[in-house]
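File shown: coords-v7.pdb (PDB, C-alpha atoms).
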ATOM      1  CA  MET S   1      28.456  10.957  42.364
ATOM      2  CA  ASN S   2      30.640  10.499  45.412
ATOM      3  CA  ASP S   3      31.363   7.000  46.701
ATOM      4  CA  THR S   4      33.652   7.208  49.714
ATOM      5  CA  PHE S   5      35.434   4.732  51.993
ATOM      6  CA  LYS S   6      32.708   5.468  54.551
ATOM      7  CA  HIS S   7      30.033   4.385  52.058
ATOM      8  CA  LYS S   8      31.991   1.238  51.230
ATOM      9  CA  GLY S   9      32.286   0.407  54.923
ATOM     10  CA  LEU S  10      28.538   0.893  55.414
ATOM     11  CA  ARG S  11      27.873  -1.396  52.441
ATOM     12  CA  GLN S  12      30.008  -4.098  54.004
ATOM     13  CA  LYS S  13      27.948  -3.820  57.188
ATOM     14  CA  LEU S  14      24.793  -4.166  55.083
ATOM     15  CA  VAL S  15      26.212  -7.291  53.408
ATOM     16  CA  ASN S  16      26.814  -8.764  56.886
ATOM     17  CA  VAL S  17      23.198  -8.009  57.848
ATOM     18  CA  LEU S  18      22.019  -9.877  54.724
ATOM     19  CA  ILE S  19      24.262 -12.858  55.519
ATOM     20  CA  ASN S  20      22.763 -12.955  59.024
ATOM     21  CA  LYS S  21      19.281 -12.939  57.480
ATOM     22  CA  GLY S  22      20.111 -15.998  55.406
ATOM     23  CA  ILE S  23      21.336 -14.732  52.012
ATOM     24  CA  VAL S  24      24.040 -17.157  50.858
ATOM     25  CA  ASP S  25      24.606 -16.434  47.137
ATOM     26  CA  LYS S  26      28.155 -15.022  47.048
ATOM     27  CA  ASN S  27      27.582 -13.226  43.729
ATOM     28  CA  VAL S  28      24.448 -11.489  44.995
ATOM     29  CA  LEU S  29      26.245 -10.388  48.173
ATOM     30  CA  LYS S  30      29.186  -9.131  46.131
ATOM     31  CA  ALA S  31      26.870  -7.143  43.846
ATOM     32  CA  ILE S  32      25.208  -5.471  46.842
ATOM     33  CA  GLY S  33      28.657  -4.771  48.286
ATOM     34  CA  ASN S  34      29.679  -3.079  45.023
ATOM     35  CA  ILE S  35      26.679  -0.878  44.233
ATOM     36  CA  PRO S  36      26.553   2.655  45.696
ATOM     37  CA  ARG S  37      22.921   2.478  46.876
ATOM     38  CA  HIS S  38      23.116   5.995  48.343
ATOM     39  CA  LEU S  39      23.338   7.399  44.811
ATOM     40  CA  PHE S  40      19.930   5.886  43.975
ATOM     41  CA  MET S  41      18.250   7.909  46.730
ATOM     42  CA  ASP S  42      17.552  11.585  47.377
ATOM     43  CA  SER S  43      20.450  13.179  49.224
ATOM     44  CA  GLY S  44      18.242  13.800  52.271
ATOM     45  CA  PHE S  45      18.103  10.046  52.862
ATOM     46  CA  LEU S  46      21.855   9.375  52.690
ATOM     47  CA  ASP S  47      22.008   8.319  56.339
ATOM     48  CA  HIS S  48      19.448   5.621  55.585
ATOM     49  CA  ALA S  49      20.977   4.292  52.359
ATOM     50  CA  TYR S  50      22.679   1.290  53.933
ATOM     51  CA  GLN S  51      19.986   0.364  56.416
ATOM     52  CA  ASP S  52      18.013  -2.729  55.502
ATOM     53  CA  LYS S  53      14.765  -0.967  54.707
ATOM     54  CA  ALA S  54      12.769   0.418  51.798
ATOM     55  CA  PHE S  55      12.702   4.168  51.095
ATOM     56  CA  PRO S  56      10.488   6.523  49.092
ATOM     57  CA  ILE S  57      11.680   7.666  45.661
ATOM     58  CA  ALA S  58       9.823   9.672  42.991
ATOM     59  CA  ALA S  59       6.282   8.979  41.739
ATOM     60  CA  ASP S  60       5.037   7.423  45.022
ATOM     61  CA  GLN S  61       7.330   4.439  44.527
ATOM     62  CA  THR S  62      10.044   3.015  46.789
ATOM     63  CA  ILE S  63      13.573   1.689  46.467
ATOM     64  CA  SER S  64      13.166  -1.872  47.746
ATOM     65  CA  GLN S  65      14.632  -3.144  50.986
ATOM     66  CA  PRO S  66      18.108  -4.615  50.260
ATOM     67  CA  TYR S  67      17.072  -7.942  51.804
ATOM     68  CA  THR S  68      14.111  -8.166  49.412
ATOM     69  CA  VAL S  69      16.339  -7.353  46.421
ATOM     70  CA  ALA S  70      18.867  -9.983  47.529
ATOM     71  CA  PHE S  71      16.147 -12.568  48.260
ATOM     72  CA  GLN S  72      14.437 -12.178  44.879
ATOM     73  CA  THR S  73      17.746 -12.145  43.003
ATOM     74  CA  GLU S  74      18.945 -15.259  44.806
ATOM     75  CA  LEU S  75      15.738 -17.094  43.802
ATOM     76  CA  LEU S  76      16.336 -16.174  40.148
ATOM     77  CA  GLN S  77      19.729 -17.966  40.123
ATOM     78  CA  VAL S  78      21.226 -15.588  37.565
ATOM     79  CA  ASN S  79      24.125 -16.813  35.435
ATOM     80  CA  LYS S  80      26.376 -14.535  33.438
ATOM     81  CA  GLY S  81      24.824 -13.824  30.044
ATOM     82  CA  ASP S  82      21.262 -14.739  31.124
ATOM     83  CA  LYS S  83      18.440 -12.726  29.577
ATOM     84  CA  ILE S  84      16.453 -11.273  32.474
ATOM     85  CA  LEU S  85      13.229  -9.292  32.207
ATOM     86  CA  GLU S  86      12.593  -6.884  35.078
ATOM     87  CA  ILE S  87       9.084  -5.551  35.630
ATOM     88  CA  GLY S  88       9.325  -2.200  37.436
ATOM     89  CA  THR S  89      12.667  -0.454  36.839
ATOM     90  CA  GLY S  90      11.969   2.008  39.651
ATOM     91  CA  SER S  91      15.149   3.655  40.940
ATOM     92  CA  GLY S  92      17.259   1.221  38.906
ATOM     93  CA  TYR S  93      18.838  -0.394  41.971
ATOM     94  CA  GLN S  94      17.597  -3.914  41.185
ATOM     95  CA  THR S  95      18.607  -3.326  37.536
ATOM     96  CA  ALA S  96      22.131  -2.507  38.716
ATOM     97  CA  VAL S  97      22.266  -5.708  40.802
ATOM     98  CA  LEU S  98      21.320  -7.769  37.720
ATOM     99  CA  CYS S  99      23.914  -5.925  35.596
ATOM    100  CA  GLU S 100      26.584  -6.632  38.255
ATOM    101  CA  LEU S 101      25.730 -10.328  37.923
ATOM    102  CA  GLY S 102      26.438 -10.141  34.193
ATOM    103  CA  ALA S 103      22.811 -10.485  33.070
ATOM    104  CA  LYS S 104      21.435  -8.974  29.881
ATOM    105  CA  VAL S 105      18.707  -6.865  31.442
ATOM    106  CA  PHE S 106      15.460  -5.858  29.765
ATOM    107  CA  SER S 107      13.441  -3.608  32.063
ATOM    108  CA  ILE S 108       9.973  -2.030  31.911
ATOM    109  CA  GLU S 109       8.779   0.997  33.912
ATOM    110  CA  ARG S 110       5.333   2.538  33.623
ATOM    111  CA  GLN S 111       5.909   5.763  35.579
ATOM    112  CA  GLN S 112       7.137   8.298  33.009
ATOM    113  CA  GLU S 113       8.992  10.413  35.607
ATOM    114  CA  LEU S 114      10.935   7.433  36.956
ATOM    115  CA  PHE S 115      11.601   6.033  33.496
ATOM    116  CA  LYS S 116      13.206   9.291  32.301
ATOM    117  CA  LYS S 117      15.259   9.737  35.456
ATOM    118  CA  THR S 118      16.543   6.151  35.658
ATOM    119  CA  SER S 119      17.285   5.888  31.916
ATOM    120  CA  LYS S 120      19.707   8.809  32.246
ATOM    121  CA  PHE S 121      21.082   7.828  35.646
ATOM    122  CA  LEU S 122      22.058   4.153  35.197
ATOM    123  CA  PRO S 123      24.553   4.712  32.331
ATOM    124  CA  LYS S 124      26.262   7.442  34.404
ATOM    125  CA  LEU S 125      27.092   4.735  36.962
ATOM    126  CA  GLY S 126      28.272   2.403  34.193
ATOM    127  CA  TYR S 127      25.211   0.120  34.246
ATOM    128  CA  ARG S 128      23.874  -0.517  30.768
ATOM    129  CA  ALA S 129      20.674  -2.486  30.425
ATOM    130  CA  LYS S 130      20.080  -4.098  27.018
ATOM    131  CA  LYS S 131      16.747  -2.324  26.887
ATOM    132  CA  LEU S 132      14.821   0.082  29.130
ATOM    133  CA  VAL S 133      11.198   0.461  28.089
ATOM    134  CA  PHE S 134       8.420   2.818  29.121
ATOM    135  CA  GLY S 135       5.343   0.585  29.088
ATOM    136  CA  ASP S 136       2.996  -1.903  30.713
ATOM    137  CA  GLY S 137       4.800  -4.580  32.724
ATOM    138  CA  TYR S 138       1.752  -6.868  32.692
ATOM    139  CA  LYS S 139       2.391  -7.472  28.981
ATOM    140  CA  GLY S 140       6.098  -8.264  29.281
ATOM    141  CA  LEU S 141       8.263  -7.897  26.143
ATOM    142  CA  ILE S 142       7.073 -10.447  23.630
ATOM    143  CA  GLU S 143       9.518  -9.249  20.951
ATOM    144  CA  ASP S 144      12.520 -10.075  23.181
ATOM    145  CA  ALA S 145      11.189 -13.326  24.698
ATOM    146  CA  PRO S 146      11.928 -15.968  25.787
ATOM    147  CA  PHE S 147      13.792 -15.027  28.979
ATOM    148  CA  ASP S 148      15.959 -17.072  31.353
ATOM    149  CA  GLY S 149      14.360 -15.230  34.249
ATOM    150  CA  ILE S 150      11.675 -12.653  34.985
ATOM    151  CA  ILE S 151      11.618 -10.592  38.173
ATOM    152  CA  VAL S 152       8.640  -8.486  39.258
ATOM    153  CA  THR S 153       9.513  -5.736  41.735
ATOM    154  CA  ALA S 154       5.960  -4.673  42.652
ATOM    155  CA  GLY S 155       3.034  -6.473  44.245
ATOM    156  CA  ALA S 156       0.830  -8.171  41.654
ATOM    157  CA  PRO S 157      -2.796  -9.027  42.517
ATOM    158  CA  PHE S 158      -2.515 -11.961  40.088
ATOM    159  CA  VAL S 159       0.162 -13.591  37.931
ATOM    160  CA  PRO S 160       0.111 -12.040  34.439
ATOM    161  CA  LYS S 161      -0.160 -14.868  31.874
ATOM    162  CA  PRO S 162       2.066 -13.132  29.285
ATOM    163  CA  LEU S 163       4.966 -13.283  31.765
ATOM    164  CA  LEU S 164       4.622 -17.047  32.202
ATOM    165  CA  SER S 165       4.459 -17.514  28.428
ATOM    166  CA  GLN S 166       7.658 -15.470  27.919
ATOM    167  CA  LEU S 167       9.793 -17.772  30.090
ATOM    168  CA  LYS S 168      12.199 -20.286  28.567
ATOM    169  CA  VAL S 169      11.720 -23.905  29.614
ATOM    170  CA  GLY S 170      13.814 -24.088  32.795
ATOM    171  CA  GLY S 171      13.338 -20.335  33.311
ATOM    172  CA  ARG S 172      12.124 -18.758  36.555
ATOM    173  CA  LEU S 173       9.545 -16.096  37.299
ATOM    174  CA  VAL S 174       9.890 -14.483  40.749
ATOM    175  CA  ILE S 175       6.816 -12.435  41.627
ATOM    176  CA  PRO S 176       5.204 -11.099  44.832
ATOM    177  CA  VAL S 177       1.502 -12.038  44.564
ATOM    178  CA  GLY S 178      -1.305 -10.535  46.642
ATOM    179  CA  ASP S 179      -3.167  -7.319  47.413
ATOM    180  CA  ASP S 180      -2.115  -5.734  50.732
ATOM    181  CA  ILE S 181       0.513  -8.286  51.680
ATOM    182  CA  GLN S 182       2.225 -10.349  48.997
ATOM    183  CA  VAL S 183       3.520 -13.905  49.023
ATOM    184  CA  MET S 184       6.857 -14.230  47.228
ATOM    185  CA  THR S 185       6.134 -16.807  44.552
ATOM    186  CA  MET S 186       8.416 -18.561  42.083
ATOM    187  CA  PHE S 187       7.336 -20.369  38.942
ATOM    188  CA  ILE S 188       9.784 -22.655  37.123
ATOM    189  CA  ARG S 189       8.772 -23.534  33.581
ATOM    190  CA  LYS S 190       8.956 -27.322  33.164
ATOM    191  CA  GLY S 191       7.397 -27.627  29.727
ATOM    192  CA  GLN S 192       5.091 -25.963  27.211
ATOM    193  CA  LYS S 193       2.199 -25.803  29.688
ATOM    194  CA  GLU S 194       3.828 -27.116  32.844
ATOM    195  CA  PHE S 195       4.959 -24.890  35.706
ATOM    196  CA  GLU S 196       6.247 -25.750  39.145
ATOM    197  CA  GLN S 197       5.158 -23.238  41.794
ATOM    198  CA  GLN S 198       6.883 -22.517  45.119
ATOM    199  CA  GLU S 199       6.074 -19.963  47.829
ATOM    200  CA  PHE S 200       8.533 -18.167  50.131
ATOM    201  CA  GLY S 201       6.654 -16.206  52.768
ATOM    202  CA  GLU S 202       5.148 -12.730  53.014
ATOM    203  CA  PHE S 203       6.589  -9.430  51.782
ATOM    204  CA  ARG S 204       5.242  -5.924  51.266
ATOM    205  CA  PHE S 205       5.560  -4.121  47.919
ATOM    206  CA  VAL S 206       4.053  -1.077  46.235
ATOM    207  CA  PRO S 207       1.348  -2.259  43.783
ATOM    208  CA  LEU S 208       2.133  -3.280  40.214
ATOM    209  CA  LEU S 209       0.155  -0.816  38.103
ATOM    210  CA  GLU S 210      -1.677  -2.048  35.051
ATOM    211  CA  ASP S 211      -1.876   0.297  32.093
ATOM    212  CA  LYS S 212      -5.434   1.633  32.179
ATOM    213  CA  ASN S 213      -5.162   3.690  28.967
TER     214      ASN S 213
END

As a first step, turn the structure in this file into structure tokens.
Amino acid sequence: MNDTFKHKGLRQKLVNVLINKGIVDKNVLKAIGNIPRHLFMDSGFLDHAYQDKAFPIAADQTISQPYTVAFQTELLQVNKGDKILEIGTGSGYQTAVLCELGAKVFSIERQQELFKKTSKFLPKLGYRAKKLVFGDGYKGLIEDAPFDGIIVTAGAPFVPKPLLSQLKVGGRLVIPVGDDIQVMTMFIRKGQKEFEQQEFGEFRFVPLLEDKN
């Protein structure tokens, strides 16, 4: 669990890359500057940990590109104490970013291997989500709704209705929608049945898996 001056220097370089790509939220940049991303990856990839690209992790999933993490988090506009639902815990890196921002994080992962690994790993780094759940992200977490924000970290072929219904009025859902290439889409809940939709260009994600059991 080593985090050296070299790692910290590389993180600062990464933060500068993100600033140059247009990320302006100071809190998001600070979170990325604080989190030892190399610890979320297999040791063979350490040289790549602070490059702005995605990398493979267990169960055919990836740790998202830092720019994508920063972009989605910036869209969410997280305030300290916000209840945020994350669909796709994955390596736990995005979870850690939300924890750094002071959010109460509820996260769902449907790959058993990743769920077990990340559940043990995050607390070791001092990141404690309110709730980590092994389950189907398409369904959300009705028992803990409504949420100030919902972030989906995998490509969704369509927008799951339960997620929209679990948003507070004023809450935001940030979700990449599409099959091969996704369009980053944000929904802001304006009323009981009213949503404002905005789109923010194309991204590539691993697919959001629906529970087929």

(request) Tell me which residues the PyMOL selection byres ((chain S and resi 186-195) around 10) grabs here, as a PyMOL selection string. (result) chain S and resi 72+75-76+148-151+159+164-177+183-185+196-200

(message) Could you list, as a ChimeraX atom specification, every residue matched by the PyMOL selection byres ((chain S and resi 2) around 12) in this structure?
(response) /S:1,3-8,36-40,43,46,125

(message) Just to confirm, what's the straight-line distance from atom CA of Tyr67 of chain S to atom CA of Tyr127 of chain S in Å (one decimal)?
(response) 21.0 Å

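Pairwise distance (atom CA of Val133 of chain S, atom CA of Gln77 of chain S) equals 23.6 Å.
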
(request) Enter the distance from atom CA of Ala156 of chain S to atom CA of Ala58 of chain S, in Å, rounded to one decimal. (result) 20.0 Å

(message) Quick check on the file I pasted: which residues fall under the PyMOL selection byres ((chain S and resi 82) around 6)? Write them as a count of residues only.
(response) 7

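Residues surrounding Asn16 of chain S within 12 Å are Gly9, Leu10, Arg11, Gln12, Asn20, Lys21, Gly22, Ile23, Val24, Lys26, Leu29, Lys30, Ile32, Gly33, Tyr50, Gln51, Asp52, Pro66 and Tyr67 of chain S [all atoms listed in the file; sequence separation below 4 positions excluded].
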
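Candidate residues S:Thr73, S:Ser64, S:Ser91, S:Thr153 were compared for distance to Lys120 of chain S, and the nearest is S:Ser91, using all atoms listed in the file.
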
(request) Please provide as a ChimeraX atom specification all residues within 10 Å of Gln111 of chain S, with the sequence filter that same-chain residues fewer than 3 positions apart are discarded (counting only C-alpha atoms). (result) /S:58-61,88-90,108,114-116,134-136,209

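Using all atoms listed in the file, the shortest contact distance between Asp144 of chain S and any of S:Ile84, S:Gly126, S:Lys117, S:Gln182 is found at S:Ile84.
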
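The residue that comes closest to Leu141 of chain S, out of S:Leu98, S:Leu85, S:Val17, S:Ala31 and on the basis of all atoms listed in the file, is S:Leu85.
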
(message) Counting all atoms listed in the file, which residue out of S:Glu113, S:Ile87, S:Phe106, S:Phe121 sits closest to Tyr138 of chain S?
(response) S:Ile87

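Nearest residue to Gln65 of chain S among S:Lys139, S:Gly155, S:Gln94, S:Asp47 is S:Gln94, counting only C-alpha atoms.
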